[in-house]
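K.L.:
Dropping a structure here in structure tokens format, bear with me for questions.
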Amino acid sequence: MPKQELHTQEIRFHLAKEDFWRLQLHAYARKRAKQIRALVFYGAMVVIGTLALHSIFLLVAGIAFAILLFAFAYLSMWLNASKSAQALQNRGEHIITISPEGIHQKNDQTDGTTKWKAVKAVDDDAHDLYLQLDNPGRVYIAIIIPKRAFTNAAAIETFVATIQSYRQAAQEQTTK
């Protein structure tokens with residue numbers, strides 16, 4: 001791959017509640033394998049309990065409980081997205097500038113730079129880009145960049161390619 005000249009790019013946008021909802025769903029989907037294993041284990045326990053106790057009530061109660069757990073999880077995610085959106089309404093327009101130094105974020109309440117070595121992955125969905133940040137805990141932390149902030153798909157591709165170039169340059173510099 002030929003070496004690209006690294007340059008600064010800036011985008012501006014306002015975040016909406018839907019952006020945070022999609023972030024919640026994206027973070028939830030990243031744990032899908034663990035959740036499927038837990039669901040299979042739970043289902044097996046309900047079936048074994050039903051067979052051992054010869055009680056259809058246990059099966060119905062187990063299914064109802066699983067449905068309630070999923071409903072509670074989605075309600076919690078929706079409320080979290082709502083709270084995040086309300087808090088960020090006070091921040092106004094977001095300005096993201098990417099440069100060889102890192103990702104500079106500026107709005108009415110924040111003005112700071114995240115170094116490239118803190119960016120662990122670049123994910124996306126149909127509506128947003130997610131710059132996943134290093135986090136030693138279990139919480140998924142990402143910088144959300146709505147794709148609507150770009151003029152077209154080519155601009156998104158260029159932006160992501162530039163980010164990947166910066167990340168690669170930062171990794172090469174770290175290993176030297």
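FYI, nothing fancy with the structure tokens labels: chains A, B, ... in order, residues from 1 per chain, ligands from 1 as they appear.
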Quick one: pick out all strand (DSSP E or B) residues within region 9-170 of chain A from a backbone DSSP run and write them as an MDAnalysis selection string.
P.N.:
chainID A and resid 9:13 94:99 102:106 111:114 119:124 128:133 142:146
K.L.:
Which residues, written as a PyMOL selection string, have at least one atom at most 9 Å from region 145-159 of chain A, with only C-alpha atoms counted and residues fewer than 2 positions away on the same chain left out?
P.N.:
chain A and resi 9+11-15+19+96+98+126-131+143+161-164
K.L.:
With only C-alpha atoms as the atoms that count, which of A:Asn90, A:Asn107, A:Thr50, A:Ser76 lies nearest to Gly62 (chain A)?
P.N.:
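Looking only at the distances to Gly62 (chain A), the closest residue turns out to be A:Thr50.
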K.L.:
Just the alpha helix (DSSP H) stuff from chain A, please, per backbone DSSP, written as a PyMOL selection string.
P.N.:
chain A and resi 17-30+32-53+56-89+153-175
K.L.:
Name the residues in contact with region 116-125 of chain A at a cut-off of 8 Å, using only C-alpha atoms, excluding same-chain residues fewer than 4 positions from it; report them as a PyMOL selection string.
P.N.:
chain A and resi 26+101-103+129-134+160+166-167+170-171
K.L.:
Nearest to Ile95 (chain A): which of A:Ala66, A:Ala52, A:Ile144, A:Leu58 is it, counting only C-alpha atoms?
P.N.:
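Ranking A:Ala66, A:Ala52, A:Ile144, A:Leu58 by distance to Ile95 (chain A), first place goes to A:Ile144.
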